[in-house]
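Content type compact mmCIF, C-alpha atoms, from the file input-v9.txt:
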# COMPACT_ATOMS: atom_id res chain seq x y z
CA MET A 1 -6.86 -28.85 -26.43
CA ALA A 2 -7.98 -28.50 -30.01
CA SER A 3 -5.20 -26.16 -31.01
CA GLY A 4 -2.48 -28.40 -29.59
CA LYS A 5 -3.82 -31.35 -31.50
CA ALA A 6 -4.06 -29.35 -34.70
CA ALA A 7 -0.52 -28.05 -34.28
CA ARG A 8 0.83 -31.54 -33.81
CA MET A 9 -1.04 -32.77 -36.84
CA GLY A 10 0.30 -29.93 -38.93
CA GLU A 11 3.87 -30.64 -37.88
CA GLU A 12 3.53 -34.32 -38.54
CA VAL A 13 2.04 -33.94 -42.00
CA TRP A 14 4.63 -31.27 -42.90
CA LYS A 15 7.47 -33.53 -41.90
CA THR A 16 6.33 -36.78 -43.44
CA ARG A 17 3.77 -36.36 -46.16
CA THR A 18 4.65 -33.28 -48.11
CA GLU A 19 6.95 -32.71 -51.05
CA LYS A 20 9.07 -29.63 -50.55
CA ILE A 21 10.00 -26.88 -52.95
CA ASN A 22 12.65 -24.21 -52.56
CA LEU A 23 11.06 -21.11 -51.05
CA GLU A 24 13.01 -18.77 -53.33
CA VAL A 25 11.64 -20.46 -56.43
CA LEU A 26 8.13 -20.09 -55.09
CA SER A 27 8.49 -16.48 -53.99
CA LEU A 28 10.21 -15.41 -57.22
CA THR A 29 7.48 -17.12 -59.27
CA TYR A 30 4.70 -15.56 -57.23
CA GLY A 31 6.35 -12.16 -57.38
CA THR A 32 6.72 -12.37 -61.15
CA LEU A 33 3.06 -13.32 -61.42
CA ILE A 34 2.04 -10.22 -59.50
CA SER A 35 4.31 -7.84 -61.37
CA GLN A 36 3.19 -9.24 -64.72
CA LEU A 37 -0.45 -8.82 -63.72
CA CYS A 38 0.33 -5.23 -62.82
CA LEU A 39 1.78 -4.73 -66.28
CA ASP A 40 -1.12 -6.41 -68.04
CA LEU A 41 -4.10 -4.99 -66.21
CA ARG A 42 -4.29 -1.29 -66.84
CA LEU A 43 -6.77 1.39 -65.90
CA ALA A 44 -9.44 2.00 -68.51
CA SER A 45 -9.13 5.72 -67.98
CA ASN A 46 -5.33 5.84 -68.12
CA PRO A 47 -3.60 2.92 -69.85
CA SER A 48 -0.19 3.81 -68.52
CA LEU A 49 -1.18 3.12 -64.91
CA PRO A 50 -1.79 -0.34 -63.46
CA ASP A 51 -5.28 -1.13 -62.19
CA TYR A 52 -4.53 -2.53 -58.75
CA ALA A 53 -8.14 -3.24 -57.90
CA ALA A 54 -8.41 -5.46 -60.98
CA VAL A 55 -5.16 -7.19 -60.00
CA ASN A 56 -6.59 -7.94 -56.56
CA THR A 57 -9.77 -9.37 -58.07
CA GLU A 58 -7.86 -11.47 -60.57
CA LEU A 59 -5.56 -12.87 -57.87
CA GLU A 60 -8.53 -13.77 -55.72
CA ARG A 61 -10.19 -15.51 -58.64
CA MET A 62 -7.05 -17.52 -59.37
CA GLY A 63 -6.75 -18.42 -55.72
CA HIS A 64 -10.36 -19.51 -55.68
CA SER A 65 -9.84 -22.10 -58.40
CA ILE A 66 -6.67 -23.28 -56.64
CA GLY A 67 -8.58 -23.62 -53.38
CA LEU A 68 -11.33 -25.73 -54.94
CA ARG A 69 -8.73 -28.37 -55.82
CA LEU A 70 -6.44 -27.91 -52.85
CA ILE A 71 -9.07 -28.92 -50.32
CA GLU A 72 -9.06 -32.48 -51.66
CA ASP A 73 -5.32 -32.71 -51.14
CA PHE A 74 -5.66 -31.26 -47.67
CA LEU A 75 -8.40 -33.68 -46.63
CA ALA A 76 -6.48 -36.63 -48.02
CA LYS A 77 -3.34 -35.70 -46.10
CA THR A 78 -5.10 -35.10 -42.81
CA SER A 79 -7.38 -38.09 -42.74
CA SER A 80 -4.77 -40.80 -42.41
CA GLY A 81 -1.88 -41.41 -40.08
CA PRO A 82 -1.58 -41.41 -36.32
CA THR A 83 -2.79 -37.87 -35.72
CA ALA A 84 -5.66 -38.09 -38.18
CA THR A 85 -8.95 -36.54 -37.52
CA SER A 86 -11.90 -38.42 -38.84
CA ASN A 87 -14.55 -36.05 -37.58
CA PRO A 88 -15.22 -32.86 -39.40
CA CYS A 89 -14.79 -29.70 -37.36
CA SER A 90 -17.70 -29.26 -35.01
CA ASN A 91 -17.68 -25.48 -34.93
CA PHE A 92 -16.15 -22.52 -36.67
CA ARG A 93 -13.43 -22.13 -34.06
CA GLU A 94 -12.11 -25.57 -34.82
CA THR A 95 -12.16 -24.74 -38.51
CA ALA A 96 -10.07 -21.67 -37.79
CA GLU A 97 -7.50 -23.71 -35.90
CA MET A 98 -7.32 -26.29 -38.65
CA ILE A 99 -6.78 -23.64 -41.30
CA ALA A 100 -4.09 -21.87 -39.33
CA LYS A 101 -2.17 -24.71 -37.74
CA VAL A 102 -2.58 -27.42 -40.35
CA GLY A 103 -3.50 -25.84 -43.67
CA PHE A 104 -0.98 -23.05 -43.71
CA LYS A 105 1.66 -25.26 -42.15
CA ILE A 106 1.35 -27.93 -44.81
CA PHE A 107 1.24 -25.63 -47.81
CA LEU A 108 3.25 -22.57 -46.84
CA ASN A 109 5.17 -23.74 -43.79
CA CYS A 110 4.07 -20.84 -41.69
CA VAL A 111 1.74 -20.86 -38.72
CA PRO A 112 -0.32 -17.72 -38.30
CA SER A 113 -2.01 -17.15 -34.97
CA VAL A 114 -5.78 -17.00 -34.74
CA GLU A 115 -6.83 -13.80 -33.07
CA LYS A 116 -9.39 -11.05 -32.85
CA TRP A 117 -12.54 -13.08 -32.78
CA ASP A 118 -15.62 -10.95 -33.06
CA ARG A 119 -18.41 -11.19 -30.51
CA GLU A 120 -20.52 -13.78 -32.26
CA GLY A 121 -17.57 -15.92 -33.18
CA ARG A 122 -18.21 -15.65 -36.89
CA SER A 123 -15.16 -13.72 -37.86
CA PHE A 124 -11.48 -14.05 -36.98
CA GLY A 125 -8.13 -12.77 -38.03
CA LEU A 126 -5.04 -14.72 -39.02
CA VAL A 127 -1.96 -12.81 -37.98
CA PHE A 128 1.37 -13.63 -39.62
CA GLU A 129 4.35 -12.50 -37.59
CA GLU A 130 7.45 -13.41 -39.49
CA GLY A 131 7.33 -11.36 -42.62
CA SER A 132 4.72 -11.65 -45.26
CA LEU A 133 2.94 -14.98 -45.60
CA GLY A 134 5.73 -17.33 -44.66
CA GLY A 135 8.27 -15.84 -46.99
CA LEU A 136 6.24 -15.16 -50.14
CA GLY A 137 6.84 -11.45 -49.86
CA ASP A 138 10.40 -11.61 -48.59
CA TRP A 139 12.23 -9.49 -51.10
CA VAL A 140 9.30 -7.48 -52.31
CA GLU A 141 9.13 -3.73 -52.31
CA LEU A 142 5.85 -2.38 -53.59
CA PRO A 143 6.24 0.08 -56.46
CA ASP A 144 6.68 3.65 -55.33
CA ASP A 145 3.99 5.19 -57.48
CA GLY A 146 1.82 6.45 -54.64
CA ARG A 147 -1.03 4.05 -55.35
CA ALA A 148 0.36 0.55 -54.94
CA GLN A 149 0.87 1.01 -51.23
CA GLY A 150 -2.76 1.83 -50.70
CA GLU A 151 -4.44 -0.44 -53.21
CA LEU A 152 -2.52 -3.63 -53.92
CA TRP A 153 -2.82 -6.63 -51.61
CA PHE A 154 0.21 -8.70 -52.41
CA GLY A 155 -1.02 -11.96 -50.89
CA ASN A 156 -4.53 -11.86 -52.31
CA LEU A 157 -4.12 -15.22 -54.02
CA VAL A 158 -4.05 -16.88 -50.60
CA CYS A 159 -7.36 -15.21 -49.71
CA GLY A 160 -8.90 -16.80 -52.76
CA VAL A 161 -7.45 -20.18 -51.85
CA VAL A 162 -9.08 -20.07 -48.41
CA ARG A 163 -12.40 -18.98 -49.85
CA GLY A 164 -12.39 -21.69 -52.53
CA ALA A 165 -11.34 -24.44 -50.15
CA LEU A 166 -13.98 -23.60 -47.57
CA GLU A 167 -16.64 -23.36 -50.25
CA MET A 168 -16.07 -27.01 -51.05
CA VAL A 169 -16.74 -27.94 -47.44
CA GLN A 170 -20.03 -26.13 -47.37
CA MET A 171 -18.92 -22.86 -45.87
CA GLN A 172 -19.29 -19.58 -47.62
CA VAL A 173 -16.74 -17.14 -46.24
CA LYS A 174 -15.42 -13.73 -47.02
CA CYS A 175 -11.65 -13.54 -46.87
CA GLU A 176 -9.64 -10.36 -47.21
CA PHE A 177 -6.51 -8.68 -45.92
CA ALA A 178 -6.75 -6.14 -43.11
CA SER A 179 -3.10 -5.14 -42.94
CA ASP A 180 0.17 -6.01 -44.67
CA VAL A 181 3.79 -5.47 -43.70
CA LEU A 182 4.57 -4.62 -47.33
CA ARG A 183 2.33 -1.60 -46.91
CA GLY A 184 4.17 -0.51 -43.80
CA ASP A 185 1.81 -1.97 -41.20
CA ASP A 186 3.22 -3.86 -38.23
CA THR A 187 1.77 -7.26 -39.05
CA THR A 188 0.12 -9.03 -41.92
CA GLU A 189 -3.45 -9.91 -41.00
CA MET A 190 -6.06 -11.78 -43.00
CA ARG A 191 -9.69 -11.55 -41.86
CA ILE A 192 -12.01 -14.47 -42.48
CA THR A 193 -15.74 -13.98 -41.97
CA LEU A 194 -18.31 -16.75 -42.12
CA ILE A 195 -21.27 -15.68 -44.20
CA ARG A 196 -23.32 -18.86 -44.04
CA TYR A 197 -23.19 -22.62 -44.10
CA ILE A 198 -24.18 -23.82 -47.53
CA GLU A 199 -26.95 -26.40 -47.32
CA ASP A 200 -27.20 -28.78 -50.21
CA GLU A 201 -29.89 -27.48 -52.45
CA MET A 202 -32.22 -29.73 -54.37
CA PRO A 203 -32.12 -29.19 -58.11
CA PRO A 204 -35.16 -27.36 -59.41
CA ASP A 205 -38.08 -29.64 -60.10
CA ASP A 206 -38.59 -30.58 -63.71
CA GLU A 207 -42.31 -30.56 -63.45
CA MET B 1 44.49 20.53 -36.48
CA GLU B 2 42.59 17.26 -36.33
CA SER B 3 43.93 14.34 -38.28
CA ARG B 4 41.83 12.98 -41.06
CA SER B 5 41.06 9.44 -42.07
CA PRO B 6 39.64 7.92 -45.21
CA SER B 7 35.97 7.75 -45.92
CA ILE B 8 33.93 6.84 -48.92
CA ALA B 9 33.17 9.86 -51.05
CA CYS B 10 31.05 8.31 -53.75
CA ILE B 11 29.58 4.97 -54.76
CA GLY B 12 28.72 4.30 -58.37
CA ILE B 13 26.88 1.39 -59.90
CA ILE B 14 27.25 1.21 -63.65
CA GLY B 15 25.31 -1.21 -65.82
CA ARG B 16 26.69 -3.51 -68.46
CA HIS B 17 26.27 -0.97 -71.23
CA ASN B 18 28.12 1.65 -69.24
CA ASN B 19 24.86 3.28 -68.26
CA PRO B 20 24.80 4.71 -64.74
CA LEU B 21 22.35 2.83 -62.57
CA HIS B 22 22.99 4.74 -59.42
CA ILE B 23 25.41 7.31 -58.05
CA SER B 24 25.54 8.14 -54.35
CA LEU B 25 27.55 11.03 -53.02
CA LEU B 26 28.58 11.24 -49.39
CA PRO B 27 29.61 14.52 -47.87
CA VAL B 28 32.86 15.39 -46.12
CA THR B 29 32.25 15.03 -42.40
CA GLY B 30 33.59 17.34 -39.77
CA GLN B 31 34.55 17.16 -36.13
CA ASP B 32 31.37 15.67 -34.75
CA GLY B 33 30.60 13.40 -37.66
CA GLN B 34 28.18 15.86 -39.17
CA PRO B 35 28.33 16.64 -42.86
CA ASN B 36 30.55 19.56 -43.48
CA GLN B 37 30.64 20.11 -47.14
CA GLU B 38 28.75 18.67 -50.07
CA ARG B 39 30.53 17.15 -53.00
CA ASN B 40 30.17 18.25 -56.59
CA ARG B 41 28.03 15.73 -58.44
CA LEU B 42 29.28 16.63 -61.89
CA GLU B 43 32.90 16.25 -60.84
CA TYR B 44 32.28 12.77 -59.47
CA THR B 45 30.23 11.76 -62.48
CA PHE B 46 33.19 12.61 -64.69
CA MET B 47 35.50 10.63 -62.43
CA LEU B 48 33.31 7.56 -62.64
CA ASN B 49 33.06 7.96 -66.37
CA SER B 50 36.81 8.07 -66.81
CA SER B 51 37.28 4.98 -64.68
CA LEU B 52 35.14 2.99 -67.12
CA ASP B 53 38.02 3.11 -69.58
CA ILE B 54 40.21 1.33 -67.06
CA PHE B 55 37.71 -1.52 -66.86
CA GLU B 56 37.79 -1.85 -70.62
CA ALA B 57 41.55 -1.75 -70.75
CA ARG B 58 42.05 -4.42 -68.12
CA MET B 59 39.22 -6.67 -69.23
CA PRO B 60 41.13 -9.06 -71.52
CA SER B 61 43.96 -9.64 -69.11
CA LYS B 62 41.87 -10.28 -66.03
CA THR B 63 41.29 -14.01 -66.06
CA VAL B 64 40.12 -14.78 -62.62
CA GLY B 65 38.36 -12.86 -59.90
CA HIS B 66 36.28 -9.80 -60.15
CA ASP B 67 38.03 -7.40 -57.85
CA PHE B 68 39.79 -4.83 -59.96
CA GLY B 69 41.39 -3.27 -56.94
CA LEU B 70 42.79 0.20 -57.22
CA LEU B 71 41.73 1.58 -60.55
CA HIS B 72 43.16 5.02 -60.37
CA ALA B 73 44.52 7.49 -57.87
CA LEU B 74 43.57 11.05 -58.62
CA ASP B 75 45.49 13.90 -57.04
CA GLU B 76 46.41 13.39 -53.46
CA PRO B 77 43.21 12.53 -51.61
CA ILE B 78 41.00 10.72 -54.15
CA ALA B 79 41.33 7.05 -55.05
CA LEU B 80 38.97 4.88 -57.07
CA TYR B 81 38.41 1.19 -56.53
CA GLY B 82 36.37 -1.05 -58.74
CA TRP B 83 34.65 -4.41 -58.79
CA LEU B 84 33.22 -6.10 -61.85
CA THR B 85 30.43 -8.64 -61.48
CA ASN B 86 29.93 -11.55 -63.86
CA THR B 87 26.90 -9.89 -65.38
CA GLY B 88 28.85 -6.85 -66.46
CA VAL B 89 27.66 -4.58 -63.68
CA LYS B 90 30.46 -2.43 -62.30
CA LEU B 91 30.64 -1.28 -58.69
CA ILE B 92 32.96 1.69 -58.16
CA ILE B 93 33.88 3.23 -54.83
CA VAL B 94 35.65 6.56 -54.64
CA VAL B 95 37.58 7.05 -51.42
CA ASP B 96 38.57 10.39 -50.06
CA MET B 97 41.66 9.89 -47.95
CA GLY B 98 40.80 12.87 -45.78
CA GLY B 99 37.06 12.57 -45.85
CA ARG B 100 36.33 12.39 -42.13
CA THR B 101 37.88 13.25 -38.81
CA ALA B 102 40.04 10.46 -37.46
CA GLN B 103 38.33 8.69 -34.59
CA THR B 104 41.50 7.23 -33.18
CA ALA B 105 45.18 7.99 -33.60
CA GLU B 106 45.57 4.82 -35.62
CA ALA B 107 42.92 5.81 -38.05
CA GLY B 108 44.74 9.06 -38.60
CA LYS B 109 47.85 7.23 -39.68
CA THR B 110 46.00 5.33 -42.39
CA ALA B 111 45.56 8.52 -44.28
CA ILE B 112 49.27 8.78 -44.59
CA LEU B 113 50.04 5.12 -45.11
CA GLY B 114 47.32 4.43 -47.62
CA LEU B 115 44.65 1.78 -47.97
CA ARG B 116 45.03 -1.87 -48.76
CA THR B 117 42.74 -3.16 -51.47
CA SER B 118 41.32 -5.73 -49.11
CA ASP B 119 40.06 -2.91 -46.90
CA LEU B 120 37.32 -2.28 -49.38
CA THR B 121 36.25 -5.89 -49.89
CA PRO B 122 33.57 -5.80 -47.18
CA ALA B 123 32.12 -2.69 -48.77
CA PHE B 124 31.99 -4.30 -52.20
CA GLN B 125 30.44 -7.43 -50.79
CA ALA B 126 27.78 -5.43 -49.00
CA LEU B 127 27.07 -3.52 -52.22
CA GLN B 128 26.75 -6.73 -54.17
CA THR B 129 24.36 -8.12 -51.57
CA ALA B 130 22.25 -4.96 -51.78
CA TYR B 131 22.17 -5.22 -55.58
CA ILE B 132 21.13 -8.87 -55.45
CA ARG B 133 18.40 -8.00 -52.99
CA LEU B 134 17.15 -5.36 -55.40
CA LEU B 135 17.08 -7.87 -58.26
CA ARG B 136 14.93 -10.22 -56.19
CA ASN B 137 12.22 -7.60 -55.93
CA PRO B 138 9.66 -8.69 -58.52
CA PHE B 139 8.73 -5.09 -59.23
CA TYR B 140 12.24 -4.14 -60.29
CA VAL B 141 12.50 -4.80 -64.01
CA PRO B 142 16.17 -4.84 -65.07
CA ASP B 143 15.19 -4.38 -68.71
CA ASP B 144 13.68 -1.02 -67.86
CA HIS B 145 17.10 0.22 -66.75
CA ASP B 146 19.01 -1.02 -69.76
CA PRO B 147 19.31 1.49 -72.60
CA ARG B 148 19.03 -1.18 -75.27
CA THR B 149 15.81 -2.78 -74.10
CA THR B 150 13.95 -0.14 -72.19
CA LYS B 151 10.62 1.25 -73.23
CA LEU B 152 10.80 4.05 -70.69
CA ARG B 153 11.84 7.57 -71.36
CA GLY B 154 14.01 9.73 -69.21
CA SER B 155 16.38 8.67 -66.49
CA LEU B 156 17.14 4.97 -66.33
CA GLU B 157 18.56 5.07 -62.85
CA ILE B 158 17.42 2.88 -59.99
CA THR B 159 14.61 4.42 -58.01
CA SER B 160 14.12 1.87 -55.24
CA SER B 161 14.35 3.81 -51.99
CA ARG B 162 15.36 0.75 -50.01
CA PHE B 163 18.34 0.14 -52.28
CA ILE B 164 19.42 3.77 -52.23
CA LYS B 165 19.21 3.90 -48.43
CA GLU B 166 21.26 0.73 -48.16
CA VAL B 167 23.95 2.11 -50.48
CA GLU B 168 24.15 5.29 -48.42
CA ARG B 169 24.37 3.27 -45.23
CA ILE B 170 27.27 1.26 -46.62
CA GLY B 171 29.01 4.47 -47.63
CA ARG B 172 28.53 6.06 -44.24
CA THR B 173 29.52 3.14 -42.04
CA TRP B 174 32.66 2.06 -43.86
CA TYR B 175 36.05 2.73 -42.34
CA PRO B 176 39.43 1.12 -43.08
CA GLY B 177 39.74 -2.15 -41.26
CA ILE B 178 36.03 -2.87 -40.96
CA THR B 179 35.37 -6.57 -41.40
CA ALA B 180 31.69 -6.70 -42.26
CA ILE B 181 29.09 -4.11 -43.06

Step by step, read the file and then write its structure as structure tokens.
Amino acid sequence: MASGKAARMGEEVWKTRTEKINLEVLSLTYGTLISQLCLDLRLASNPSLPDYAAVNTELERMGHSIGLRLIEDFLAKTSSGPTATSNPCSNFRETAEMIAKVGFKIFLNCVPSVEKWDREGRSFGLVFEEGSLGGLGDWVELPDDGRAQGELWFGNLVCGVVRGALEMVQMQVKCEFASDVLRGDDTTEMRITLIRYIEDEMPPDDE
Amino acid sequence: MESRSPSIACIGIIGRHNNPLHISLLPVTGQDGQPNQERNRLEYTFMLNSSLDIFEARMPSKTVGHDFGLLHALDEPIALYGWLTNTGVKLIIVVDMGGRTAQTAEAGKTAILGLRTSDLTPAFQALQTAYIRLLRNPFYVPDDHDPRTTKLRGSLEITSSRFIKEVERIGRTWYPGITAI
């Protein structure tokens, strides 16, 4: 079963081939990044209020450039060793399993479940049960200014990472949050939608 | 006439520059545990203020530990206990010896015998944990609540609803002899 194999691979790589960092250091750093962005990016119309939409975009952009580089690390770690996979994923469902069981396990030590496939199988949701994104949002309380709860996606960096990583393996996807426990929803869910497979394009002819 | 037992009347958290970060008042509870009578905020603010002098006075002589124990006993029913953290933040708990109806006969006797300082240690530890949890929130900026470094105007008190609820929960659930809150 593809998901069992992916889960085992994720566990094995997590245990043997990853360097670990203290989760508190990571979540405090990430949290400071977000709160500093909120202080820096202000609304054009009212400079005393943070522009949460701009913060979301900026986080996604940062995540995108992280993802472009992270995919190399991911492929290197998963293509050697006893549970290696030498074949690329044959369909989008396998890709989803790899992202959830291996990717997130290796880098964030959390395993979201893949759910809510749409009818054509081009869009799925990653649901995180225990807290927000494996502990990144553990101590966070969104500011009580009436807007943060509705506009800020705390984990948006991770969306960018997924988008950037998949872009390097010829998949253009749209990745965004559908719900977040920090906003008061029951679960944190990230929706990933395949837009198209990127075919290699020939450079424009010189003649 | 029902016997009374001690309950927490007020919890104060004072910053390192003696600026109030948060003050929670808990009402006197009656027969069925329901609030009977509200407490006067101004009166308790003055009490907390006066206890700050005791911290200053004892500071040089206190070499080890952070539990200041009984700071001051005011009148018959009110007693103040304090705890100083290493960062200069002071946690003060005001106990009203007759603040709630005694649940058991034993509890009623405590009002007459008095509290041991160690009775309040679980409450102080829970308060410290709540404060640490607040500090870990990346959106809480301690500088904003410090009169020397803040750029904000107006009240510098803590506004985090989660912290305030936790403080009130600690105040409500404490009773003498409780081991962990």

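Distances to chain A were evaluated for B:Arg133, B:His17, B:Arg58, B:Lys151 using all atoms listed in the file, and the minimum falls at B:Arg133.
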
The residue from A:Asp180, A:Glu151, A:Glu115, A:Asp185 with the smallest atom-to-atom distance to Ala53 in chain A, counting only C-alpha atoms, is A:Glu151

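Nearest to chain B of all the residues A:Val111, A:Ala76, A:Val181, A:Val140 is A:Val140, counting all atoms listed in the file.
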
Please determine the residues with any atom at most 12 Å from (7.6, -31.6, -42.7) (coordinates as given in the file, with all atoms listed in the file counting) and report them as a short mmCIF file (atom, residue, chain, number, x, y, z; two decimals) with C-alpha atoms, in the coordinates of the input.
data_model
loop_
_atom_site.label_atom_id
_atom_site.label_comp_id
_atom_site.auth_asym_id
_atom_site.auth_seq_id
_atom_site.Cartn_x
_atom_site.Cartn_y
_atom_site.Cartn_z
CA ARG A 8 0.83 -31.54 -33.81
CA MET A 9 -1.04 -32.77 -36.84
CA GLY A 10 0.30 -29.93 -38.93
CA GLU A 11 3.87 -30.64 -37.88
CA GLU A 12 3.53 -34.32 -38.54
CA VAL A 13 2.04 -33.94 -42.00
CA TRP A 14 4.63 -31.27 -42.90
CA LYS A 15 7.47 -33.53 -41.90
CA THR A 16 6.33 -36.78 -43.44
CA ARG A 17 3.77 -36.36 -46.16
CA THR A 18 4.65 -33.28 -48.11
CA GLU A 19 6.95 -32.71 -51.05
CA LYS A 20 9.07 -29.63 -50.55
CA ILE A 21 10.00 -26.88 -52.95
CA VAL A 102 -2.58 -27.42 -40.35
CA LYS A 105 1.66 -25.26 -42.15
CA ILE A 106 1.35 -27.93 -44.81
CA PHE A 107 1.24 -25.63 -47.81
CA LEU A 108 3.25 -22.57 -46.84
CA ASN A 109 5.17 -23.74 -43.79
CA CYS A 110 4.07 -20.84 -41.69
#

Who sits within 9 Å of Ile23 in chain B, only C-alpha atoms, same chain under 4 positions skipped, as a PyMOL selection string: chain B and resi 10-14+41+44-45+157

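Interatomic distance, CA of Met97 in chain B against CA of Gln128 in chain B: 23.2 Å.
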
Go through chain A residue by residue and, counting only C-alpha atoms, keep those with an atom at most 7 Å from chain B; for each kept residue give the shortest atom pair and its distance in Å to one decimal, ordered by chain and increasing number, as CSV.
residue,atom,partner,partner_atom,distance
A:Leu28,CA,B:Pro138,CA,6.9
A:Gly31,CA,B:Pro138,CA,4.9
A:Thr32,CA,B:Pro138,CA,5.4
A:Ser35,CA,B:Phe139,CA,5.6
A:Trp139,CA,B:Asn137,CA,5.2
A:Val140,CA,B:Asn137,CA,4.7
A:Glu141,CA,B:Asn137,CA,6.1
A:Leu142,CA,B:Phe139,CA,6.9
A:Pro143,CA,B:Phe139,CA,6.4
